[in-house]
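Source file: input.txt. Holds: compact mmCIF, C-alpha atoms.
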# COMPACT_ATOMS: atom_id res chain seq x y z
CA MET A 95 -37.02 38.11 134.47
CA LEU A 96 -34.53 37.33 131.68
CA THR A 97 -34.90 34.46 129.22
CA ILE A 98 -32.05 32.97 127.20
CA PRO A 99 -32.72 30.38 124.47
CA PHE A 100 -30.23 27.61 123.68
CA HIS A 101 -30.70 25.37 120.66
CA LYS A 102 -30.78 21.67 121.60
CA ASN A 103 -28.56 20.64 118.68
CA LEU A 104 -25.80 22.99 119.84
CA TYR A 105 -26.08 23.12 123.64
CA SER A 106 -26.70 20.28 126.10
CA GLN A 107 -28.88 20.51 129.19
CA ALA A 108 -26.06 19.21 131.40
CA HIS A 109 -23.75 22.06 130.36
CA ILE A 110 -26.45 24.69 130.81
CA GLU A 111 -27.16 23.38 134.30
CA ALA A 112 -23.43 23.31 135.08
CA ALA A 113 -23.33 27.02 134.24
CA PHE A 114 -26.09 27.69 136.81
CA GLU A 115 -23.63 26.71 139.53
CA GLN A 116 -21.06 29.19 138.21
CA PHE A 117 -23.56 32.08 138.09
CA LYS A 118 -25.69 31.17 141.13
CA ASP A 119 -24.85 34.42 142.93
CA PHE A 120 -26.57 36.47 140.22
CA GLY A 121 -30.06 35.06 140.60
CA LYS A 122 -32.35 32.06 140.46
CA PHE A 123 -32.14 29.92 137.34
CA GLU A 124 -34.73 27.70 135.77
CA ILE A 125 -34.57 25.61 132.61
CA ARG A 126 -37.51 24.63 130.43
CA SER A 127 -37.59 22.52 127.31
CA LYS A 128 -39.70 23.89 124.49
CA GLY A 129 -39.48 22.50 120.96
CA GLN A 130 -35.94 22.73 119.63
CA TYR A 131 -34.79 25.00 122.46
CA PHE A 132 -33.95 25.02 126.14
CA HIS A 133 -35.16 28.26 127.68
CA VAL A 134 -33.23 29.50 130.68
CA SER A 135 -35.08 31.95 132.91
CA VAL A 136 -33.11 34.11 135.31
CA ASP A 137 -34.86 35.78 138.22
CA ASP A 138 -32.41 38.42 139.37
CA ASP A 139 -34.80 40.55 141.51
CA GLY A 140 -33.56 43.57 139.56
CA GLN A 141 -30.09 43.21 141.08
CA LEU A 142 -28.19 42.96 137.81
CA ASP A 143 -26.61 46.27 136.81
CA ASP A 144 -25.98 45.24 133.24
CA ALA A 145 -28.25 42.41 132.16
CA GLU A 146 -26.90 42.44 128.62
CA ILE A 147 -23.33 41.72 129.74
CA PHE A 148 -24.60 39.07 132.13
CA ILE A 149 -26.47 37.30 129.31
CA SER A 150 -23.41 37.46 127.05
CA GLU A 151 -21.16 36.10 129.80
CA PHE A 152 -23.61 33.30 130.56
CA LYS A 153 -23.92 32.31 126.88
CA ASN A 154 -20.15 32.39 126.50
CA TYR A 155 -19.66 30.18 129.54
CA VAL A 156 -22.15 27.57 128.30
CA LEU A 157 -20.47 27.61 124.87
CA TYR A 158 -17.10 27.21 126.56
CA LEU A 159 -18.40 24.08 128.35
CA GLU A 160 -19.70 22.73 125.04
CA ILE A 161 -16.29 23.24 123.42
CA ALA A 162 -14.43 21.74 126.37
CA HIS A 163 -16.55 18.58 126.33
CA ALA A 164 -16.97 18.21 122.57
CA GLN A 165 -16.12 14.79 121.20
CA PRO A 166 -13.00 14.84 118.99
CA MET B 171 -23.17 44.68 100.22
CA ASN B 172 -21.08 42.07 98.39
CA ASN B 173 -22.20 38.60 97.30
CA PHE B 174 -20.73 36.89 100.34
CA GLU B 175 -22.52 39.23 102.73
CA LYS B 176 -25.77 38.48 100.91
CA SER B 177 -25.27 34.71 101.02
CA SER B 178 -24.10 34.69 104.64
CA LYS B 179 -26.95 37.05 105.62
CA THR B 180 -24.56 39.30 107.52
CA ARG B 181 -26.13 41.83 109.87
CA ILE B 182 -24.02 44.41 111.63
CA ASN B 183 -25.18 46.32 114.69
CA THR B 184 -22.56 48.92 115.61
CA LYS B 185 -24.71 50.22 118.48
CA ASP B 186 -24.40 46.88 120.31
CA SER B 187 -20.99 46.10 118.72
CA GLU B 188 -22.21 42.84 117.28
CA ILE B 189 -22.20 41.05 113.96
CA VAL B 190 -24.44 38.13 112.97
CA PHE B 191 -23.87 35.87 110.02
CA SER B 192 -24.82 32.37 108.96
CA VAL B 193 -22.80 29.34 107.88
CA HIS B 194 -23.94 26.14 106.23
CA PRO B 195 -23.77 23.01 108.46
CA LYS B 196 -22.87 20.79 105.49
CA ILE B 197 -19.77 22.89 104.79
CA TYR B 198 -18.91 23.60 108.42
CA PRO B 199 -20.41 20.95 110.75
CA LYS B 200 -20.93 21.50 114.48
CA GLU B 201 -17.53 20.02 115.38
CA VAL B 202 -15.74 22.49 113.08
CA LEU B 203 -17.89 25.38 114.30
CA LEU B 204 -16.99 24.66 117.94
CA LYS B 205 -13.27 24.49 117.09
CA ALA B 206 -13.42 27.90 115.44
CA CYS B 207 -15.36 29.26 118.44
CA TYR B 208 -12.62 27.98 120.74
CA ILE B 209 -10.06 30.26 119.04
CA ILE B 210 -12.15 33.35 119.53
CA VAL B 211 -14.23 32.71 122.66
CA ASP B 212 -11.82 34.43 125.06
CA LYS B 213 -11.69 37.62 122.98
CA VAL B 214 -15.36 38.19 122.17
CA TYR B 215 -18.80 36.96 123.21
CA VAL B 216 -19.95 34.17 120.92
CA TYR B 217 -23.47 32.84 120.57
CA ILE B 218 -24.44 30.16 118.06
CA ASP B 219 -27.90 29.17 116.98
CA ALA B 220 -29.58 26.90 114.44
CA PRO B 221 -32.79 28.66 113.38
CA LYS B 222 -33.14 26.36 110.35
CA LYS B 223 -32.13 22.77 109.64
CA ASP B 224 -29.52 23.86 107.08
CA GLU B 225 -28.26 27.01 108.79
CA PHE B 226 -26.08 27.90 111.76
CA THR B 227 -26.03 31.52 112.81
CA VAL B 228 -23.04 32.96 114.64
CA LEU B 229 -23.24 36.12 116.73
CA LEU B 230 -19.98 37.80 117.64
CA LYS B 231 -20.16 40.64 120.15
CA THR B 232 -17.07 42.59 121.13
CA LYS B 233 -16.41 43.48 124.76
CA THR B 234 -15.64 47.09 123.85
CA ARG B 235 -17.18 49.45 121.27
CA SER B 236 -16.29 48.50 117.70
CA THR B 237 -16.67 50.06 114.30
CA LYS B 238 -18.27 48.38 111.30
CA LYS B 239 -14.83 47.66 109.83
CA GLN B 240 -13.60 46.06 113.06
CA LEU B 241 -16.68 43.87 113.22
CA GLU B 242 -16.21 42.79 109.62
CA ALA B 243 -12.56 41.99 110.31
CA LEU B 244 -13.66 39.89 113.27
CA ARG B 245 -16.12 37.97 111.11
CA ASN B 246 -13.43 37.38 108.49
CA GLU B 247 -11.03 36.12 111.16
CA PHE B 248 -13.71 33.73 112.38
CA LEU B 249 -14.39 32.50 108.84
CA ASN B 250 -10.67 31.84 108.38
CA GLU B 251 -10.66 29.82 111.59
CA LEU B 252 -13.63 27.84 110.31
CA LEU B 253 -11.68 26.98 107.18
CA ASN B 254 -8.60 26.15 109.23
CA ALA B 255 -10.56 23.79 111.49
CA SER B 256 -12.20 22.20 108.47
CA VAL B 257 -8.85 21.49 106.78
CA ARG B 258 -7.41 20.09 110.01
CA LYS B 259 -10.40 17.75 110.34
CA GLU B 260 -9.95 16.51 106.79
CA ILE B 261 -6.19 15.91 107.25
CA ALA B 262 -6.85 14.06 110.54
CA GLN B 263 -9.37 11.80 108.78
CA LYS B 264 -6.98 11.08 105.90
CA ASN B 265 -4.09 10.23 108.24
CA LYS B 266 -6.20 8.31 110.76
CA THR B 267 -4.93 4.84 109.75
CA ILE B 268 -1.27 5.93 109.64
CA ILE B 269 -1.57 7.61 113.06
CA GLU B 270 -3.13 4.45 114.50
CA TYR B 271 -0.24 2.34 113.14
CA ILE B 272 2.40 4.70 114.52
CA VAL B 273 0.79 4.93 117.97
CA GLY B 274 0.19 1.16 118.05
CA GLY B 275 3.84 0.51 117.13
CA ALA B 276 5.11 2.95 119.75
CA ILE B 277 2.95 1.35 122.49
CA ASN B 278 4.04 -2.15 121.46
CA ALA B 279 7.71 -1.12 121.54
CA ALA B 280 7.29 0.38 125.01
CA LEU B 281 5.72 -2.79 126.47
CA PRO B 282 7.97 -5.22 128.40
CA SER B 283 8.79 -8.37 126.37
CA SER B 284 6.84 -10.69 128.74
CA SER B 285 3.57 -8.84 128.11
CA LYS B 286 3.95 -8.91 124.34
CA GLY B 287 2.17 -11.41 122.20
CA PRO B 288 3.75 -14.50 120.59
CA GLN B 289 7.35 -13.78 119.57
CA GLU B 290 8.85 -14.38 116.17
CA PRO B 291 10.18 -17.95 115.80
CA SER B 292 13.80 -16.90 115.13
CA ARG B 293 13.85 -14.68 118.25
CA ALA B 294 12.31 -17.47 120.38
CA ASN B 295 14.91 -19.96 119.10
CA SER B 296 17.83 -17.67 119.93
CA ASP B 297 16.48 -17.22 123.48
CA GLU B 298 16.29 -21.00 123.92
CA ASP B 299 19.88 -21.38 122.69
CA ASP B 300 21.07 -18.78 125.21
CA ILE B 301 19.34 -20.62 128.06
CA LYS B 302 20.93 -23.93 126.97
CA LYS B 303 24.38 -22.32 126.89
CA ILE B 304 23.94 -20.89 130.40
CA GLU B 305 22.77 -24.29 131.71
CA GLN B 306 25.83 -25.98 130.14
CA GLU B 307 28.13 -23.41 131.77
CA ILE B 308 26.52 -24.04 135.17
CA GLU B 309 26.98 -27.79 134.76
CA ALA B 310 30.67 -27.31 133.83
CA LEU B 311 31.25 -25.12 136.90
CA LYS B 312 29.59 -27.74 139.14
CA LYS B 313 31.92 -30.44 137.73
CA GLU B 314 34.92 -28.16 138.30
CA LEU B 315 33.88 -27.67 141.91
CA GLU B 316 33.52 -31.44 142.42
CA GLN B 317 36.98 -32.06 140.99
CA GLU B 318 38.59 -29.33 143.10
CA ASP B 319 41.20 -30.71 145.51
CA PHE B 320 40.31 -29.72 149.07
CA SER B 321 42.76 -32.19 150.56
CA ALA B 322 45.28 -29.48 151.44
CA GLY B 323 43.82 -29.32 154.95
CA THR B 324 41.04 -27.75 157.00
CA TYR B 325 40.86 -24.15 158.09
CA GLU B 326 41.81 -25.18 161.61
CA GLU B 327 45.14 -26.54 160.33
CA ASP B 328 45.80 -23.17 158.59
CA PRO B 329 47.91 -24.52 155.71
CA LEU B 330 48.34 -21.05 154.18
CA ASN B 331 49.45 -19.54 157.51
CA ILE B 332 46.72 -16.91 157.54
CA LYS B 333 46.46 -16.85 161.34
CA ARG B 334 49.94 -15.35 161.58
CA PRO B 335 49.66 -11.79 162.94
CA LEU B 336 50.89 -8.89 160.80
CA GLN B 337 54.11 -7.27 161.91
Could you render the structure from this file as structure tokens?
Amino acid sequence: MLTIPFHKNLYSQAHIEAAFEQFKDFGKFEIRSKGQYFHVSVDDDGQLDDAEIFISEFKNYVLYLEIAHAQP
Amino acid sequence: MNNFEKSSKTRINTKDSEIVFSVHPKIYPKEVLLKACYIIVDKVYVYIDAPKKDEFTVLLKTKTRSTKKQLEALRNEFLNELLNASVRKEIAQKNKTIIEYIVGGAINAALPSSSKGPQEPSRANSDEDDIKKIEQEIEALKKELEQEDFSAGTYEEDPLNIKRPLQ
């Protein structure tokens, strides 16, 4: 089980959940709100060859959504 | 470690090819931070965090193995982009009113005259004069038509000898 934290001031829940759809083939995603962070849990059943790259790609994708929808 | 590296709390991890440093939100707000991320997000992995109220941390991780120097160069490139985005934001704010005037003027000029607001009095007067002139011309043509002499004969009488076949 992998857990990725996203700060609420920098990432929105809607964009994190939109990224779930993009990465749905890699495992089951769950989001929990705790304090200043959203915690994303990924249950991959040990299928991920390189979890580190997966986490980096996922973080990058969420950030990309934030940038794309940022108010001018 | 130089003064900047101390103040920005730079940490370099060559094993994972990543560099972490912090920026101040009052100097570089979220909007500026995201714009700088946009420039670099397709080249490296970027992760931003806000561990404290007055601190953003930026993690840049290269997709291939990188040396300490390469990671530092990447950080410097990112910092330059931050400054660039910050200056652009300031210029946009300064020119906001002028831009609004220019865009407003361009839209107004592109609108058809009927959908525009009240016209200037001189322009409205000249339009009315034109209409009066056209109406006078129509009246004059009507009078001309009434005075026309159609007594030369009907078409059946063929006074101009049009019915005559061509040879």
May I ask you to extract the residues of chain A within 12 Å of chain B, using only C-alpha atoms, and to give them as a ChimeraX atom specification?
/A:98-105,129-132,146-166
With only C-alpha atoms as the counted atoms, please give the residues lying no more than 12 Å from A:Ala145, apart from itself and same-chain residues fewer than 6 positions off, as a list in words.
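Skipping anything fewer than 6 positions along the chain leaves Met95, Leu96, Thr97, Ile98, Phe120, Gly121, Val136, Asp137, Asp138, Asp139, Glu151 and Phe152 of chain A.
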Quick one: pull the distance between atom CA of B:Lys213 and atom CA of B:Arg258, Å, one decimal.
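These two atoms are separated by 22.2 Å.
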As lines of an AutoDock Vina configuration file, please report the centre and edge lengths, rounded to one decimal in Å, of the axis-aligned box that holds all listed atoms of stretch 199-202 of chain B with 6 Å of padding on each of the six sides.
center_x = -18.3
center_y = 21.3
center_z = 113.1
size_x = 17.2
size_y = 14.5
size_z = 16.6
Grab the atom CA of B:Ser192 to atom CA of B:Thr180 distance for me, in Å with one decimal place.
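It comes out at 7.1 Å.
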